[in-house]
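Novice: Starting off with a structure, shown below.
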Amino acid sequence: MSEKPPAAQAAPTPVETVVIGAGPVGLFQIFELGLLGISTHIIDSLPQAGGQCTELYPDKPIYDIPALPICGAQELIDRLLEQAKPFHATFHLGQEVTELQHQEDGKFLVATSAGTRLTAGAVVIAAGVGSFQARRLSLPGVEEFEGTSVHYRVKSAADFHGRDLVICGGGDSALDWTVALCGKARSLTLLHRRAEFRAAPATVARMRELVGAGKMQLLEGNATGLRTDNGKLAGLDVHTADGRDLQLSTGQILAFYGLHPKLGPIAEWGLELEKRALKVDTEKFQTSVPGIFAIGDINTYPGKKKLILSGFHEAALTAFAIQHHLFPEKRQFLQYTTTSPIMQKRLGVAAAADSH
Ligand SMILES: Cc1cc2nc3c(=O)[nH]c(=O)nc-3n(C[C@H](O)[C@H](O)[C@H](O)COP(=O)(O)OP(=O)(O)OC[C@H]3O[C@@H](n4cnc5c(N)ncnc54)[C@H](O)[C@@H]3O)c2cc1C
């Protein structure tokens with residue numbers, strides 16, 4: 001009997017370009033490549049586009065985006081997504097790029113933690129300060145339960161229905177899920193190290209109402225150990241702020257301690273690094289491997305400033321460099337969006353255009 005190997009990997013999908021990182025600079029790269037008629041697949045380890053703007057300071061105003069005297073960080077991302085729309089990039093979100101390999105045919109194999117495999121003629125690394133990873137519950141033996149009984153993100157809320165649940169943390173995620181799962185979990189305890197919360201005041205108020213109504217428990221303190229029973233998670237040891245040692249019975253823990261950036265696999269791709277940034281030239285923003293480019297906060301060159309507008313400029317020049325890399329025979333010339341019929345056609349703002 002002939003059997004397929006169980007873990008046989010699907011053949012990679014050939015694409016024109018891959019952008020690693022959907023922060024503001026990666027998103028603008030879609031636009032700049034699109035203007036030149038080049039399509040993009042974009043990958044981010046976060047479940048949504050926006051990079052630092054969305055993850056770290058969505059409500060803060062930015063004052064140094066040209067021609068936008070004031071622009072909210074999330075608003076900037078929404079505008080960049082809108083601007084890139086005509087180019088129909090394919091988004092692969094919630095997956096980290098773990099492998100980047102130069103193939104014999106000169107193309108690059110890009111593989112992600114979710115099993116996506118692409119081959120591309122050029123790759124742009126717009127990975128900012130690295131991929132954001134959940135801060136883990138730092139207790140001995142926790143690795144054994146991660147993904148089954150200890151979670152850092154909710155994949156399906158129904159997994160917690162009817163279970164004894166402890167939620168750890170004091171930010172928006174912890175509070176939003178406390179309110180959403182209270183009444184659905186069999187029992188729910190929110191554990192936070194201090195009395196103040198960083199979440200939206202209305203959600204904190206709702207949580208306190210639920211505590212007042214006896215529907216859940218709020219504990220101020222720290223997790224100190226995991227309890228197991230026959231190899232399964234059975235409970236959590238807690239040292240409370242008022243000095244008590246408690247044992248909570250729980251089979252499920254959701255820990256929301258925030259995210260931290262990690263350069264991670266990028267450091268292993270054989271690209272020249274300087275102080276944890278990718279070295280590039282300032283003509284093409286190409287790394288030490290031809291065909292792999294790096295833009296935005298991840299790159300370094302003399303005079304580099306980690307600003308969004310610097311990343312936008314880098315994306316524009318990189319698009320031209322990629323056009324030359326993919327189609328070396330093609331003559332390059334600068335066109336203005338104001339007057340170029342082909343660019344306007346690509347943007348979807350002109351009914352018909354000739355094709356130069
Ligand atoms: C509080 C704060 C305020 C700021 N204010 C300003 C300001 O006023 N003006 C200004 O110009 N700049 C400001 N900045 C800096 C600005 O946010 C950054 O320069 C900008 O976000 C860089 O964009 P980027 O696209 O290069 O990277 P990021 O925004 O860091 O995005 C990179 C993305 O790549 C993803 N990624 C990384 N590695 C991988 C991988 N292996 N696989 C998949 N995905 C990956 C990450 O998850 C992330 O989403 C501020 C920063 C902070 C923290």
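Just remember, in the structure tokens the first chain shown is A, the second B, etc., residues are 1-based per chain, and ligands are 1-based in the order shown.
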Taking only C-alpha atoms and all ligand atoms into account, which residues are within 7 Å of ligand 1, as number ranges by chain?
Specialist: A: 20-26, 43-46, 49-53, 56-57, 62-65, 95-98, 126-132, 263-266, 295-298, 306-309, 311
Novice: Env of Phe108 (chain A): 8 Å cut, atoms = only C-alpha atoms, seq-sep filter 5 positions within chain, self excluded. Answer as a PDB file with N, CA, C and O atoms, in the first residue's frame.
Specialist:
ATOM      1  N   LEU A 100      13.717  31.634   5.643  1.00  0.00           N
ATOM      2  CA  LEU A 100      13.927  32.369   4.397  1.00  0.00           C
ATOM      3  C   LEU A 100      15.170  31.761   3.753  1.00  0.00           C
ATOM      4  O   LEU A 100      16.271  31.861   4.300  1.00  0.00           O
ATOM      5  N   GLN A 101      14.960  31.089   2.640  1.00  0.00           N
ATOM      6  CA  GLN A 101      16.086  30.357   2.021  1.00  0.00           C
ATOM      7  C   GLN A 101      16.271  30.768   0.580  1.00  0.00           C
ATOM      8  O   GLN A 101      15.279  30.878  -0.167  1.00  0.00           O
ATOM      9  N   HIS A 102      17.522  30.926   0.206  1.00  0.00           N
ATOM     10  CA  HIS A 102      17.853  31.226  -1.186  1.00  0.00           C
ATOM     11  C   HIS A 102      17.828  29.911  -1.952  1.00  0.00           C
ATOM     12  O   HIS A 102      18.506  28.966  -1.573  1.00  0.00           O
ATOM     13  N   GLN A 103      17.052  29.829  -3.021  1.00  0.00           N
ATOM     14  CA  GLN A 103      16.984  28.576  -3.780  1.00  0.00           C
ATOM     15  C   GLN A 103      17.969  28.603  -4.953  1.00  0.00           C
ATOM     16  O   GLN A 103      18.434  29.661  -5.360  1.00  0.00           O
ATOM     17  N   THR A 119       7.253  30.936  -2.826  1.00  0.00           N
ATOM     18  CA  THR A 119       8.556  31.252  -3.424  1.00  0.00           C
ATOM     19  C   THR A 119       8.404  32.597  -4.108  1.00  0.00           C
ATOM     20  O   THR A 119       7.419  32.844  -4.826  1.00  0.00           O
ATOM     21  N   ALA A 120       9.392  33.455  -3.892  1.00  0.00           N
ATOM     22  CA  ALA A 120       9.282  34.821  -4.408  1.00  0.00           C
ATOM     23  C   ALA A 120      10.577  35.224  -5.096  1.00  0.00           C
ATOM     24  O   ALA A 120      11.666  34.779  -4.716  1.00  0.00           O
ATOM     25  N   GLY A 121      10.440  36.104  -6.092  1.00  0.00           N
ATOM     26  CA  GLY A 121      11.611  36.614  -6.795  1.00  0.00           C
ATOM     27  C   GLY A 121      12.371  37.619  -5.964  1.00  0.00           C
ATOM     28  O   GLY A 121      13.572  37.815  -6.153  1.00  0.00           O
ATOM     29  N   ALA A 122      11.679  38.279  -5.049  1.00  0.00           N
ATOM     30  CA  ALA A 122      12.324  39.257  -4.163  1.00  0.00           C
ATOM     31  C   ALA A 122      11.577  39.285  -2.836  1.00  0.00           C
ATOM     32  O   ALA A 122      10.367  39.029  -2.789  1.00  0.00           O
ATOM     33  N   VAL A 123      12.312  39.592  -1.776  1.00  0.00           N
ATOM     34  CA  VAL A 123      11.714  39.639  -0.439  1.00  0.00           C
ATOM     35  C   VAL A 123      12.093  40.962   0.208  1.00  0.00           C
ATOM     36  O   VAL A 123      13.248  41.393   0.120  1.00  0.00           O
TER      37      VAL A 123
END
Novice: Calculate how many Å separate CA of His161 (chain A) from CA of Leu181 (chain A), rounding to one decimal.
Specialist: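 Straight-line distance from CA of His161 (chain A) to CA of Leu181 (chain A) works out to 7.4 Å.
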Novice: Compile the contact shell of Ser39 (chain A) as a PDB file with N, CA and C atoms, in the first residue's frame: residues with an atom at most 8 Å away, counting only C-alpha atoms, same-chain residues fewer than 5 positions apart removed.
Specialist:
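Output (around.pdb):
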ATOM      1  N   VAL A  15       5.039  33.415  -6.034  1.00  0.00           N
ATOM      2  CA  VAL A  15       4.479  34.774  -6.001  1.00  0.00           C
ATOM      3  C   VAL A  15       5.571  35.733  -6.475  1.00  0.00           C
ATOM      4  N   GLU A  16       5.158  36.991  -6.739  1.00  0.00           N
ATOM      5  CA  GLU A  16       6.163  37.936  -7.232  1.00  0.00           C
ATOM      6  C   GLU A  16       7.081  38.426  -6.101  1.00  0.00           C
ATOM      7  N   THR A  17       6.464  39.016  -5.075  1.00  0.00           N
ATOM      8  CA  THR A  17       7.273  39.498  -3.942  1.00  0.00           C
ATOM      9  C   THR A  17       6.601  39.146  -2.627  1.00  0.00           C
ATOM     10  N   ILE A  30       3.613  47.812  -0.211  1.00  0.00           N
ATOM     11  CA  ILE A  30       2.594  47.246  -1.116  1.00  0.00           C
ATOM     12  C   ILE A  30       2.229  48.289  -2.159  1.00  0.00           C
ATOM     13  N   LEU A  33       5.170  49.133  -4.666  1.00  0.00           N
ATOM     14  CA  LEU A  33       5.338  48.041  -5.634  1.00  0.00           C
ATOM     15  C   LEU A  33       4.148  48.009  -6.590  1.00  0.00           C
ATOM     16  N   GLY A  34       2.965  48.223  -6.054  1.00  0.00           N
ATOM     17  CA  GLY A  34       1.746  48.196  -6.874  1.00  0.00           C
ATOM     18  C   GLY A  34       1.777  49.231  -7.974  1.00  0.00           C
ATOM     19  N   PHE A  87      -4.227  47.442  -4.947  1.00  0.00           N
ATOM     20  CA  PHE A  87      -3.212  46.489  -5.395  1.00  0.00           C
ATOM     21  C   PHE A  87      -3.442  45.067  -4.878  1.00  0.00           C
ATOM     22  N   HIS A  88      -4.551  44.885  -4.149  1.00  0.00           N
ATOM     23  CA  HIS A  88      -5.021  43.550  -3.761  1.00  0.00           C
ATOM     24  C   HIS A  88      -3.913  42.649  -3.233  1.00  0.00           C
ATOM     25  N   ALA A  89      -3.135  43.151  -2.310  1.00  0.00           N
ATOM     26  CA  ALA A  89      -2.095  42.298  -1.707  1.00  0.00           C
ATOM     27  C   ALA A  89      -2.767  41.157  -0.956  1.00  0.00           C
TER      28      ALA A  89
END
Novice: Env of region 246-255 of chain A: 7 Å cut, atoms = only C-alpha atoms, seq-sep filter 5 positions within chain, self excluded. Answer as a list of chain:residue names.
Specialist: A:Leu137, A:Ser149, A:Val150, A:His151, A:Tyr152, A:Asp164, A:Leu165, A:Val166, A:Ile167, A:Cys168, A:Gly169, A:Leu233, A:Ala234, A:Gly235, A:Leu236, A:Asp237, A:Val238, A:His239
Novice: Print the selection's residues with N, CA and C atoms to a file, as an mmCIF file, in the first residue's frame.
Specialist:
data_model
loop_
_atom_site.group_PDB
_atom_site.id
_atom_site.type_symbol
_atom_site.label_atom_id
_atom_site.label_comp_id
_atom_site.auth_asym_id
_atom_site.auth_seq_id
_atom_site.Cartn_x
_atom_site.Cartn_y
_atom_site.Cartn_z
ATOM 1 N N LEU A 137 3.891 33.088 30.853
ATOM 2 C CA LEU A 137 3.711 32.889 32.286
ATOM 3 C C LEU A 137 4.999 32.250 32.778
ATOM 4 N N SER A 149 -3.483 23.984 28.049
ATOM 5 C CA SER A 149 -4.150 24.484 29.257
ATOM 6 C C SER A 149 -3.703 25.896 29.634
ATOM 7 N N VAL A 150 -2.566 26.307 29.105
ATOM 8 C CA VAL A 150 -2.091 27.685 29.360
ATOM 9 C C VAL A 150 -2.038 28.386 28.013
ATOM 10 N N HIS A 151 -2.750 29.510 27.907
ATOM 11 C CA HIS A 151 -2.877 30.169 26.605
ATOM 12 C C HIS A 151 -2.512 31.646 26.727
ATOM 13 N N TYR A 152 -1.981 32.196 25.617
ATOM 14 C CA TYR A 152 -1.631 33.618 25.587
ATOM 15 C C TYR A 152 -2.509 34.378 24.608
ATOM 16 N N ASP A 164 -13.214 25.702 34.580
ATOM 17 C CA ASP A 164 -12.716 26.561 35.664
ATOM 18 C C ASP A 164 -11.531 27.329 35.095
ATOM 19 N N LEU A 165 -11.661 28.647 35.081
ATOM 20 C CA LEU A 165 -10.718 29.462 34.324
ATOM 21 C C LEU A 165 -10.071 30.518 35.221
ATOM 22 N N VAL A 166 -8.758 30.678 35.075
ATOM 23 C CA VAL A 166 -8.063 31.817 35.715
ATOM 24 C C VAL A 166 -7.525 32.700 34.599
ATOM 25 N N ILE A 167 -7.823 33.991 34.662
ATOM 26 C CA ILE A 167 -7.265 34.947 33.691
ATOM 27 C C ILE A 167 -6.252 35.809 34.435
ATOM 28 N N CYS A 168 -5.048 35.916 33.876
ATOM 29 C CA CYS A 168 -3.991 36.713 34.518
ATOM 30 C C CYS A 168 -3.727 37.969 33.690
ATOM 31 N N GLY A 169 -3.564 39.106 34.366
ATOM 32 C CA GLY A 169 -3.220 40.343 33.662
ATOM 33 C C GLY A 169 -4.170 41.465 34.031
ATOM 34 N N LEU A 233 -3.166 19.833 34.016
ATOM 35 C CA LEU A 233 -3.158 21.022 34.867
ATOM 36 C C LEU A 233 -4.358 20.953 35.813
ATOM 37 N N ALA A 234 -4.085 21.104 37.106
ATOM 38 C CA ALA A 234 -5.172 20.998 38.083
ATOM 39 C C ALA A 234 -5.358 22.291 38.868
ATOM 40 N N GLY A 235 -4.332 23.139 38.929
ATOM 41 C CA GLY A 235 -4.499 24.338 39.739
ATOM 42 C C GLY A 235 -3.336 25.299 39.632
ATOM 43 N N LEU A 236 -3.546 26.448 40.245
ATOM 44 C CA LEU A 236 -2.544 27.509 40.214
ATOM 45 C C LEU A 236 -2.310 27.973 41.650
ATOM 46 N N ASP A 237 -1.046 28.043 42.044
ATOM 47 C CA ASP A 237 -0.708 28.589 43.364
ATOM 48 C C ASP A 237 -0.552 30.097 43.235
ATOM 49 N N VAL A 238 -1.092 30.788 44.231
ATOM 50 C CA VAL A 238 -1.074 32.257 44.159
ATOM 51 C C VAL A 238 -0.612 32.813 45.506
ATOM 52 N N HIS A 239 0.252 33.817 45.433
ATOM 53 C CA HIS A 239 0.616 34.564 46.645
ATOM 54 C C HIS A 239 -0.068 35.929 46.536
#
Novice: Write out as a VMD selection string the set of residues from region 27-89 of chain A that DSSP, computed on the backbone, places in helix (DSSP H, G or I).
Specialist: chain A and resid 27 to 35 51 to 56 73 to 87
Novice: Between A:Leu175, A:Ala316, A:Val211, A:Leu76, which has the minimum distance to Ala199 (chain A) (counting only C-alpha atoms)?
Specialist: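 For Ala199 (chain A), the nearest of the candidates is A:Leu175.
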Novice: Would you please give, as a PyMOL selection string, all residues of region 6-75 of chain A that DSSP assigns to strand (DSSP E) based on the backbone?
Specialist: chain A and resi 13-20+40-44+61-62+71-72
